[in-house]
file run.tsv (TSV, C-alpha atoms and all ligand atoms)
chain	number	residue	atom	x	y	z
A	28	MET	CA	-71.90	-77.84	125.15
A	29	ASN	CA	-72.20	-74.60	123.19
A	30	ARG	CA	-72.12	-71.50	125.41
A	31	LEU	CA	-75.48	-70.43	123.91
A	32	ASP	CA	-77.04	-73.63	125.25
A	33	ILE	CA	-76.40	-72.60	128.84
A	34	SER	CA	-76.89	-68.82	128.53
A	35	ARG	CA	-80.33	-67.31	128.19
A	36	ASN	CA	-81.69	-65.12	125.46
A	37	PHE	CA	-81.69	-61.63	126.98
A	38	PHE	CA	-84.88	-60.67	125.12
A	39	GLY	CA	-86.83	-63.00	127.39
A	40	ILE	CA	-85.55	-61.41	130.60
A	41	SER	CA	-87.82	-59.18	132.65
A	42	GLU	CA	-86.60	-56.24	134.71
A	43	LEU	CA	-87.52	-58.15	137.85
A	44	GLU	CA	-85.48	-61.20	136.84
A	45	LEU	CA	-82.46	-59.05	136.07
A	46	GLN	CA	-82.85	-57.25	139.39
A	47	GLU	CA	-82.84	-60.62	141.18
A	48	LYS	CA	-79.77	-61.69	139.24
A	49	PHE	CA	-77.97	-58.45	140.07
A	50	SER	CA	-78.92	-58.81	143.71
A	51	ASP	CA	-77.33	-62.33	143.70
A	52	TRP	CA	-74.25	-60.84	142.07
A	53	LYS	CA	-74.16	-57.99	144.62
A	54	VAL	CA	-74.57	-55.44	141.81
A	55	GLU	CA	-76.53	-52.22	142.42
A	56	THR	CA	-80.08	-52.58	141.06
A	57	TYR	CA	-79.98	-49.21	139.23
A	58	ARG	CA	-77.62	-50.94	136.81
A	59	VAL	CA	-80.66	-52.87	135.49
A	60	HIS	CA	-81.99	-49.62	134.09
A	61	GLN	CA	-78.64	-48.95	132.41
A	62	VAL	CA	-78.56	-52.38	130.75
A	63	PHE	CA	-82.17	-52.09	129.54
A	64	THR	CA	-81.44	-48.64	128.13
A	65	TRP	CA	-78.52	-50.02	126.12
A	66	VAL	CA	-80.56	-52.93	124.80
A	67	TYR	CA	-83.95	-51.37	124.11
A	68	HIS	CA	-83.21	-47.69	123.56
A	69	TYR	CA	-79.73	-47.82	121.96
A	70	HIS	CA	-80.28	-51.25	120.34
A	71	CYS	CA	-76.94	-52.50	121.60
A	72	ARG	CA	-76.43	-56.24	121.13
A	73	ASP	CA	-73.00	-56.65	122.71
A	74	PHE	CA	-72.49	-56.37	126.48
A	75	ASN	CA	-68.88	-55.29	125.89
A	76	GLU	CA	-70.11	-52.07	124.31
A	77	MET	CA	-71.98	-51.03	127.47
A	78	THR	CA	-69.26	-48.68	128.53
A	79	ASN	CA	-70.88	-47.31	131.68
A	80	LEU	CA	-70.78	-50.81	133.25
A	81	SER	CA	-67.69	-52.28	134.88
A	82	LYS	CA	-65.66	-54.79	132.89
A	83	SER	CA	-66.46	-57.54	135.36
A	84	LEU	CA	-70.23	-56.91	135.09
A	85	ARG	CA	-70.02	-56.91	131.30
A	86	SER	CA	-68.24	-60.30	131.42
A	87	GLN	CA	-70.78	-61.69	133.87
A	88	LEU	CA	-73.64	-60.59	131.63
A	89	ALA	CA	-71.97	-62.08	128.56
A	90	GLU	CA	-71.46	-65.39	130.36
A	91	ASN	CA	-75.11	-65.59	131.37
A	92	PHE	CA	-77.01	-64.10	128.45
A	93	HIS	CA	-76.92	-63.93	124.70
A	94	PHE	CA	-78.96	-61.98	122.13
A	95	ALA	CA	-80.99	-63.92	119.58
A	96	LEU	CA	-83.70	-62.59	117.30
A	97	PRO	CA	-85.84	-64.58	114.86
A	98	GLN	CA	-84.20	-64.64	111.42
A	99	ILE	CA	-86.22	-63.14	108.58
A	100	GLN	CA	-86.47	-65.91	105.97
A	101	SER	CA	-88.67	-64.13	103.47
A	102	ARG	CA	-90.81	-61.06	102.84
A	103	THR	CA	-93.93	-61.14	100.67
A	104	HIS	CA	-95.26	-57.77	99.53
A	105	SER	CA	-99.00	-57.18	99.18
A	106	LYS	CA	-100.57	-54.78	96.69
A	107	ASP	CA	-101.98	-52.84	99.66
A	108	GLY	CA	-98.47	-52.12	100.99
A	109	SER	CA	-98.47	-54.78	103.72
A	110	ILE	CA	-95.53	-57.12	104.09
A	111	LYS	CA	-95.82	-60.70	105.34
A	112	TYR	CA	-92.65	-61.91	107.04
A	113	LEU	CA	-91.66	-65.53	107.49
A	114	LEU	CA	-89.43	-65.77	110.55
A	115	GLU	CA	-87.26	-68.68	111.61
A	116	LEU	CA	-86.83	-69.30	115.33
A	117	GLU	CA	-83.77	-70.71	117.12
A	118	ASP	CA	-84.97	-74.34	116.76
A	119	GLY	CA	-85.84	-73.94	113.06
A	120	ALA	CA	-89.62	-73.53	113.63
A	121	VAL	CA	-91.20	-70.80	111.51
A	122	VAL	CA	-93.90	-68.24	112.25
A	123	GLU	CA	-95.42	-65.37	110.30
A	124	SER	CA	-95.87	-61.70	111.17
A	125	VAL	CA	-97.59	-59.08	109.04
A	126	TRP	CA	-96.64	-55.40	108.89
A	127	MET	CA	-99.58	-53.23	107.80
A	128	PRO	CA	-99.12	-49.55	106.99
A	129	SER	CA	-101.86	-46.92	106.95
A	130	GLU	CA	-101.70	-43.15	106.97
A	131	SER	CA	-101.97	-42.85	110.72
A	132	ARG	CA	-100.16	-45.96	111.94
A	133	LYS	CA	-97.90	-48.88	111.16
A	134	THR	CA	-99.29	-52.01	112.74
A	135	LEU	CA	-97.54	-55.32	113.31
A	136	CYS	CA	-99.62	-58.48	113.65
A	137	LEU	CA	-97.62	-60.93	115.80
A	138	SER	CA	-97.74	-64.69	116.29
A	139	THR	CA	-97.74	-66.32	119.72
A	140	GLN	CA	-97.70	-70.03	118.86
A	141	VAL	CA	-96.42	-72.23	116.06
A	142	GLY	CA	-99.84	-73.34	114.80
A	143	CYS	CA	-102.89	-73.40	117.06
A	144	ARG	CA	-104.96	-76.06	118.79
A	145	LEU	CA	-108.33	-74.32	118.79
A	146	ASN	CA	-109.38	-75.58	115.39
A	147	CYS	CA	-111.60	-72.72	114.20
A	148	SER	CA	-113.11	-73.99	110.97
A	149	PHE	CA	-112.51	-70.78	108.95
A	150	CYS	CA	-108.81	-70.52	109.88
A	151	LEU	CA	-105.83	-71.77	107.93
A	152	THR	CA	-103.51	-71.70	110.96
A	153	ALA	CA	-105.75	-74.33	112.57
A	154	SER	CA	-104.74	-76.82	109.88
A	155	LEU	CA	-101.22	-76.92	111.38
A	156	GLY	CA	-102.41	-78.02	114.82
A	157	LEU	CA	-100.34	-76.75	117.74
A	158	LYS	CA	-96.61	-77.37	117.27
A	159	ARG	CA	-95.39	-75.35	120.22
A	160	ASN	CA	-95.75	-72.13	122.20
A	161	LEU	CA	-93.45	-69.20	121.54
A	162	ASN	CA	-91.42	-67.86	124.45
A	163	THR	CA	-91.29	-64.20	125.45
A	164	ALA	CA	-88.08	-63.56	123.49
A	165	GLU	CA	-89.60	-65.03	120.33
A	166	ILE	CA	-92.72	-62.88	120.68
A	167	ILE	CA	-90.99	-59.53	121.15
A	168	GLY	CA	-88.25	-60.73	118.79
A	169	GLN	CA	-90.69	-60.53	115.86
A	170	HIS	CA	-91.14	-56.82	116.56
A	171	LEU	CA	-87.44	-56.15	117.15
A	172	ALA	CA	-86.25	-58.07	114.07
A	173	ILE	CA	-88.76	-56.45	111.72
A	174	ASN	CA	-88.42	-52.92	113.13
A	175	ALA	CA	-84.64	-53.17	112.74
A	176	GLU	CA	-84.98	-53.36	108.96
A	177	LEU	CA	-87.74	-50.78	108.52
A	178	LYS	CA	-87.05	-47.17	107.60
A	179	GLU	CA	-87.52	-44.48	110.23
A	180	GLU	CA	-90.93	-43.44	108.84
A	181	ASP	CA	-92.11	-47.06	108.72
A	182	GLN	CA	-91.29	-47.98	112.33
A	183	ILE	CA	-94.02	-49.99	114.06
A	184	THR	CA	-96.45	-47.88	116.10
A	185	ASN	CA	-99.17	-50.42	116.97
A	186	ILE	CA	-99.19	-54.12	117.77
A	187	VAL	CA	-101.99	-56.64	117.42
A	188	PHE	CA	-101.66	-60.17	118.77
A	189	MET	CA	-103.73	-61.69	115.96
A	190	GLY	CA	-101.20	-63.82	114.09
A	191	MET	CA	-100.66	-67.55	114.42
A	192	GLY	CA	-101.98	-68.97	117.68
A	193	GLU	CA	-104.36	-68.06	120.49
A	194	PRO	CA	-102.45	-65.57	122.68
A	195	LEU	CA	-104.25	-66.46	125.90
A	196	ASP	CA	-103.46	-70.15	125.36
A	197	ASN	CA	-99.82	-69.12	125.91
A	198	LEU	CA	-100.49	-66.71	128.73
A	199	GLY	CA	-97.18	-66.56	130.69
A	200	PRO	CA	-94.89	-65.76	127.73
A	201	VAL	CA	-97.48	-63.37	126.24
A	202	VAL	CA	-97.76	-61.45	129.54
A	203	GLY	CA	-93.93	-61.37	129.74
A	204	ALA	CA	-93.79	-59.93	126.22
A	205	LEU	CA	-96.49	-57.36	126.98
A	206	ARG	CA	-94.66	-56.19	130.11
A	207	LEU	CA	-91.51	-55.60	128.09
A	208	MET	CA	-93.47	-53.85	125.33
A	209	ILE	CA	-95.18	-51.36	127.65
A	210	SER	CA	-92.30	-50.82	130.09
A	211	PRO	CA	-90.78	-47.32	129.89
A	212	GLN	CA	-87.37	-48.97	130.53
A	213	ALA	CA	-87.83	-51.34	127.58
A	214	MET	CA	-89.93	-50.86	124.43
A	215	LYS	CA	-92.02	-47.91	125.69
A	216	ILE	CA	-95.19	-48.70	123.71
A	217	SER	CA	-98.44	-47.17	124.98
A	218	THR	CA	-100.98	-49.69	126.28
A	219	ARG	CA	-103.51	-47.99	123.98
A	220	LYS	CA	-101.51	-49.18	120.98
A	221	VAL	CA	-101.45	-52.87	121.84
A	222	THR	CA	-104.39	-55.23	121.30
A	223	VAL	CA	-104.60	-58.88	122.27
A	224	SER	CA	-107.14	-60.94	120.38
A	225	THR	CA	-108.80	-63.98	121.89
A	226	SER	CA	-111.25	-66.58	120.70
A	227	GLY	CA	-112.86	-66.37	124.13
A	228	LEU	CA	-110.89	-68.49	126.62
A	229	VAL	CA	-112.90	-67.20	129.55
A	230	ASP	CA	-110.72	-68.66	132.33
A	231	LYS	CA	-107.61	-67.15	130.75
A	232	MET	CA	-109.38	-63.81	130.21
A	233	LYS	CA	-109.92	-63.67	133.96
A	234	ALA	CA	-106.26	-64.54	134.60
A	235	PHE	CA	-105.21	-61.92	132.04
A	236	GLN	CA	-107.39	-59.34	133.76
A	237	ASN	CA	-105.59	-60.07	137.05
A	238	GLU	CA	-102.29	-59.05	135.44
A	239	ASN	CA	-103.56	-55.43	135.40
A	240	LEU	CA	-101.89	-54.56	132.13
A	241	SER	CA	-104.66	-52.27	130.73
A	242	ILE	CA	-104.14	-53.80	127.30
A	243	ASN	CA	-107.00	-53.68	124.77
A	244	LEU	CA	-108.85	-56.94	124.20
A	245	ALA	CA	-110.41	-58.01	120.90
A	246	ILE	CA	-112.90	-60.85	121.07
A	247	SER	CA	-113.32	-63.03	118.02
A	248	LEU	CA	-117.07	-63.68	118.24
A	249	ASN	CA	-118.12	-64.56	114.68
A	250	ALA	CA	-121.58	-65.94	115.42
A	251	SER	CA	-124.83	-64.88	117.04
A	252	ASP	CA	-126.01	-68.28	118.24
A	253	ASN	CA	-124.29	-71.14	120.01
A	254	ALA	CA	-124.98	-73.80	117.36
A	255	THR	CA	-123.24	-71.73	114.67
A	256	ARG	CA	-120.40	-70.71	116.97
A	257	ASP	CA	-119.89	-74.35	118.03
A	258	ARG	CA	-119.39	-75.15	114.36
A	259	LEU	CA	-117.09	-72.22	113.61
A	260	MET	CA	-115.15	-72.16	116.87
A	261	PRO	CA	-115.20	-75.40	118.89
A	262	ILE	CA	-114.00	-73.51	122.01
A	263	ASN	CA	-117.62	-72.30	122.20
A	264	LYS	CA	-118.66	-75.70	123.53
A	265	LYS	CA	-116.58	-74.97	126.63
A	266	TYR	CA	-117.34	-71.25	126.89
A	267	PRO	CA	-120.68	-70.55	125.16
A	268	ILE	CA	-121.69	-67.06	124.11
A	269	GLU	CA	-123.61	-66.23	127.30
A	270	VAL	CA	-120.56	-67.09	129.45
A	271	LEU	CA	-118.26	-65.06	127.23
A	272	ILE	CA	-120.58	-62.05	127.23
A	273	GLU	CA	-120.94	-62.18	131.00
A	274	CYS	CA	-117.15	-62.20	131.31
A	275	LEU	CA	-116.96	-59.11	129.09
A	276	LYS	CA	-119.57	-57.32	131.15
A	277	GLN	CA	-117.55	-57.96	134.32
A	278	TYR	CA	-114.20	-57.11	132.73
A	279	PRO	CA	-112.94	-53.78	134.13
A	280	LEU	CA	-112.02	-51.18	131.52
A	281	LYS	CA	-110.21	-47.89	131.83
A	282	PRO	CA	-112.33	-44.78	131.08
A	283	GLN	CA	-112.91	-44.21	127.34
A	284	ARG	CA	-111.90	-47.78	126.50
A	285	ARG	CA	-114.08	-50.40	124.82
A	286	HIS	CA	-113.67	-54.01	123.88
A	287	THR	CA	-113.36	-54.76	120.19
A	288	ILE	CA	-115.74	-57.41	118.91
A	289	GLU	CA	-114.41	-59.09	115.77
A	290	TYR	CA	-117.09	-60.62	113.56
A	291	VAL	CA	-115.93	-62.38	110.39
A	292	LEU	CA	-118.90	-62.39	108.00
A	293	LEU	CA	-119.45	-65.70	106.17
A	294	ALA	CA	-122.08	-65.85	103.43
A	295	GLY	CA	-125.18	-67.80	104.47
A	296	ILE	CA	-123.64	-68.78	107.82
A	297	ASN	CA	-123.68	-65.77	110.16
A	298	ASP	CA	-124.69	-62.78	108.01
A	299	SER	CA	-128.51	-62.73	108.10
A	300	ASP	CA	-130.77	-59.98	109.48
A	301	GLU	CA	-131.58	-62.32	112.37
A	302	ASP	CA	-127.87	-62.67	113.09
A	303	ALA	CA	-127.49	-58.89	113.27
A	304	GLN	CA	-130.49	-58.70	115.63
A	305	ARG	CA	-129.16	-61.44	117.91
A	306	LEU	CA	-125.69	-59.88	117.92
A	307	ALA	CA	-127.16	-56.54	118.99
A	308	LYS	CA	-129.04	-58.27	121.81
A	309	TRP	CA	-125.93	-60.04	123.09
A	310	LEU	CA	-123.84	-56.88	123.05
A	311	LYS	CA	-126.37	-54.65	124.80
A	312	GLY	CA	-124.55	-53.35	127.90
A	313	VAL	CA	-121.10	-54.44	126.72
A	314	PRO	CA	-118.80	-51.43	126.14
A	315	SER	CA	-117.69	-52.37	122.66
A	316	LYS	CA	-117.09	-51.46	119.07
A	317	ILE	CA	-117.78	-54.01	116.38
A	318	ASN	CA	-115.45	-54.80	113.52
A	319	LEU	CA	-117.24	-56.56	110.66
A	320	ILE	CA	-114.71	-58.43	108.52
A	321	PRO	CA	-115.97	-59.90	105.23
A	322	PHE	CA	-114.30	-63.31	104.94
A	323	ASN	CA	-111.37	-63.59	102.58
A	324	SER	CA	-111.76	-66.96	100.92
A	325	PHE	CA	-108.84	-69.33	100.34
A	326	ASP	CA	-108.73	-72.47	98.20
A	327	SER	CA	-109.35	-75.13	100.83
A	328	SER	CA	-112.09	-73.17	102.62
A	329	GLU	CA	-115.76	-74.12	102.52
A	330	TYR	CA	-116.75	-70.49	103.29
A	331	ARG	CA	-117.34	-67.49	101.05
A	332	PRO	CA	-117.70	-63.75	101.72
A	333	PRO	CA	-121.17	-62.14	101.70
A	334	SER	CA	-122.14	-59.62	99.03
A	335	LYS	CA	-121.32	-55.97	99.65
A	336	GLU	CA	-125.05	-55.20	100.03
A	337	ARG	CA	-125.42	-57.86	102.74
A	338	VAL	CA	-122.42	-56.52	104.64
A	339	LEU	CA	-123.80	-52.97	104.49
A	340	LYS	CA	-127.24	-54.10	105.64
A	341	PHE	CA	-125.69	-55.94	108.58
A	342	GLN	CA	-123.68	-52.88	109.52
A	343	ASN	CA	-126.62	-50.48	109.13
A	344	TYR	CA	-128.76	-52.49	111.49
A	345	LEU	CA	-126.08	-52.35	114.18
A	346	ILE	CA	-125.60	-48.60	113.68
A	347	GLU	CA	-129.38	-48.08	113.95
A	348	GLN	CA	-129.15	-49.86	117.31
A	349	ASN	CA	-126.51	-47.30	118.39
A	350	PHE	CA	-123.48	-49.54	118.10
A	351	SER	CA	-120.17	-48.40	116.65
A	352	ALA	CA	-119.88	-50.86	113.79
A	353	PHE	CA	-117.12	-50.69	111.20
A	354	ILE	CA	-116.44	-52.68	108.07
A	355	ARG	CA	-112.81	-53.71	108.15
A	356	GLN	CA	-111.33	-54.90	104.92
A	357	ASN	CA	-108.81	-57.65	105.54
A	358	ARG	CA	-105.26	-56.57	104.78
A	359	ALA	CA	-102.71	-58.48	102.71
A	360	THR	CA	-105.39	-60.75	101.26
A	361	ASP	CA	-103.44	-61.33	98.04
A	362	ILE	CA	-100.55	-62.87	99.99
A	363	LEU	CA	-102.59	-64.93	102.48
A	364	GLY	CA	-101.71	-62.48	105.20
A	365	ALA	CA	-105.25	-61.82	106.40
A	366	CYS	CA	-106.68	-62.75	109.77
A	367	GLY	CA	-106.84	-66.54	110.13
A	368	GLN	CA	-104.69	-67.14	107.07
A	369	LEU	CA	-101.24	-67.26	108.58
A	370	ALA	CA	-99.97	-70.78	108.32
A	371	ALA	CA	-96.30	-70.39	107.51
A	372	GLN	CA	-96.85	-71.38	103.90
A	373	SER	CA	-93.45	-73.02	103.52
A	374	GLU	CA	-94.46	-75.50	106.18
A	375	ALA	CA	-98.02	-75.88	104.90
A	376	SER	CA	-96.83	-76.65	101.40
A	377	ALA	CA	-94.13	-79.00	102.65
A	378	THR	CA	-96.71	-81.12	104.42
A	379	SER	CA	-99.46	-81.00	101.80
B	1	LIG	S1	-108.74	-68.21	114.49
B	1	LIG	FE1	-107.15	-67.90	116.06
B	1	LIG	S2	-107.81	-69.21	117.76
B	1	LIG	FE2	-108.93	-69.94	115.95
B	1	LIG	S3	-107.64	-71.58	115.11
B	1	LIG	FE3	-107.05	-69.67	114.08
B	1	LIG	S4	-105.31	-68.91	115.23
B	1	LIG	FE4	-106.36	-70.41	116.54

call {"tool": "encode", "arguments": {"input": "run.tsv", "output": "structure tokens"}}
result
Amino acid sequence: MNRLDISRNFFGISELELQEKFSDWKVETYRVHQVFTWVYHYHCRDFNEMTNLSKSLRSQLAENFHFALPQIQSRTHSKDGSIKYLLELEDGAVVESVWMPSESRKTLCLSTQVGCRLNCSFCLTASLGLKRNLNTAEIIGQHLAINAELKEEDQITNIVFMGMGEPLDNLGPVVGALRLMISPQAMKISTRKVTVSTSGLVDKMKAFQNENLSINLAISLNASDNATRDRLMPINKKYPIEVLIECLKQYPLKPQRRHTIEYVLLAGINDSDEDAQRLAKWLKGVPSKINLIPFNSFDSSEYRPPSKERVLKFQNYLIEQNFSAFIRQNRATDILGACGQLAAQSEASATS
């Protein structure tokens, strides 16, 4: 058997797990901090180079762990400056991540599953079905692999879990990845700069809340009535809008924080004046800001974006009702890198 088959990928190891390991090995626990500093702050990928550790500890670490990052298979550049990465995982599965620059931030949109099982009717990822969950190492590995090739001024500052998959449908590995991202010993990213998007898995939202991570949540709502949401997002049959809204009202938030409500606007489906009125009613009392995202059409989709006038009217109504409502243009639309369009094209085209 290959040594890699019996050693574990270090990028999936939490501080607690390493502490337990060191305690078994009768190694002082402060050494955990030293190892994490080498790996996450000095980007060291060889235990033998960790010169403040004893030779025997370095050998023990090398026998038990290896370092593996997703391999970048391709980069597709968008006219808006975004880059869509196709990444190959250790078993040959592929996922996509999108790096999106703006003046104030560089955001990476990460994947959490190969495909997705939630079958939202406007989403290209859904057409893959769920192939498998990513593990913690594969989730943070997207960030580490991409950041390693970016210039200093392009380094990732913000992370959104909005790529392939429903993050809360893969809760354990996602929480493991988030803990490593926000840990001062590991990736040192502020909780304010990380957002997890969910289609509204209410039971998992409650479990996520119990993890006390203080991570921003974005809720993909996309409809103002249950019949329409059932059609767009079948998960609504299990957790209808009233249940989801109640969960949001109960969800504890840190001061100054709000939930993000994502609302993809689809012409003639969810963009009427009545929709805006119902949306405002649902969100009364929910600390939130609303992102209105005109749909970016793709060939096989039955949906189209609304006119600019319709989008503005929808937004104006919400603003008149004292909501913070923003029109968000999808990024990387020319390279199918927008929300709900990540489907690892090489795989999609191979199976079509
Ligand atoms: S929109 Fe999100 S939750 Fe829905 S099918 Fe696509 S990836 Fe899954």

call {"tool": "residues_near_ligand", "arguments": {"input": "run.tsv", "ligand": "ligand LIG 1 (chain B)", "cutoff": "8 Å", "atoms": "only C-alpha atoms and all ligand atoms", "output": "list in words"}}
result
Gly142, Cys143, Arg144, Leu145, Asn146, Cys147, Ser148, Phe149, Cys150, Leu151, Thr152, Ala153, Ser154, Met189, Gly190, Met191, Gly192, Glu193, Thr225, Ser226, Ser247, Met260, Cys366, Gly367, Gln368 and Leu369 of chain A

call {"tool": "residues_around", "arguments": {"input": "run.tsv", "residues": "Asn75 of chain A", "least_positions_apart": "2", "cutoff": "6 Å", "atoms": "all atoms listed in the file", "output": "PyMOL selection string"}}
result
chain A and resi 73+77+85

call {"tool": "residues_near_point", "arguments": {"input": "run.tsv", "point": "(-99.1, -60.3, 108.8)", "cutoff": "6 Å", "atoms": "all atoms listed in the file", "output": "short mmCIF file (atom, residue, chain, number, x, y, z; two decimals) with C-alpha atoms, keeping the file's coordinate frame"}}
result
data_model
loop_
_atom_site.label_atom_id
_atom_site.label_comp_id
_atom_site.auth_asym_id
_atom_site.auth_seq_id
_atom_site.Cartn_x
_atom_site.Cartn_y
_atom_site.Cartn_z
CA LYS A 111 -95.82 -60.70 105.34
CA SER A 124 -95.87 -61.70 111.17
CA VAL A 125 -97.59 -59.08 109.04
CA TRP A 126 -96.64 -55.40 108.89
CA CYS A 136 -99.62 -58.48 113.65
CA GLY A 364 -101.71 -62.48 105.20
#

call {"tool": "closest_atom_pairs", "arguments": {"input": "run.tsv", "of": "segment 178-227 of chain A", "to": "segment 163-170 of chain A", "cutoff": "12 Å", "atoms": "only C-alpha atoms", "output": "CSV"}}
result
residue,atom,partner,partner_atom,distance
A:Gln182,CA,A:His170,CA,9.8
A:Ile183,CA,A:His170,CA,7.8
A:Thr184,CA,A:His170,CA,10.4
A:Asn185,CA,A:His170,CA,10.3
A:Ile186,CA,A:His170,CA,8.6
A:Val187,CA,A:His170,CA,10.9
A:Phe188,CA,A:Ile166,CA,9.5
A:Gly190,CA,A:Ile166,CA,10.8
A:Met191,CA,A:Ile166,CA,11.1
A:Gly192,CA,A:Ile166,CA,11.5
A:Pro194,CA,A:Ile166,CA,10.3
A:Asn197,CA,A:Thr163,CA,9.9
A:Leu198,CA,A:Thr163,CA,10.1
A:Gly199,CA,A:Thr163,CA,8.2
A:Pro200,CA,A:Thr163,CA,4.5
A:Val201,CA,A:Thr163,CA,6.3
A:Val202,CA,A:Thr163,CA,8.1
A:Gly203,CA,A:Thr163,CA,5.8
A:Ala204,CA,A:Thr163,CA,5.0
A:Leu205,CA,A:Ile167,CA,8.3
A:Arg206,CA,A:Thr163,CA,9.9
A:Leu207,CA,A:Ile167,CA,8.0
A:Met208,CA,A:Ile167,CA,7.5
A:Ile209,CA,A:Ile167,CA,11.2
A:Ala213,CA,A:Ile167,CA,10.9
A:Met214,CA,A:Ile167,CA,9.3
A:Ile216,CA,A:His170,CA,11.6

call {"tool": "closest_residue", "arguments": {"input": "run.tsv", "among": "A:Ala120, A:Ala352, A:Val66, A:Leu244", "to": "Gly227 of chain A", "atoms": "all atoms listed in the file"}}
result
A:Leu244

call {"tool": "residues_around", "arguments": {"input": "run.tsv", "residues": "Leu275 of chain A", "least_positions_apart": "4", "cutoff": "12 Å", "atoms": "all atoms listed in the file", "output": "PyMOL selection string"}}
result
chain A and resi 225+227-230+232-233+236+244-246+248+268-271+279-280+285-288+309-315
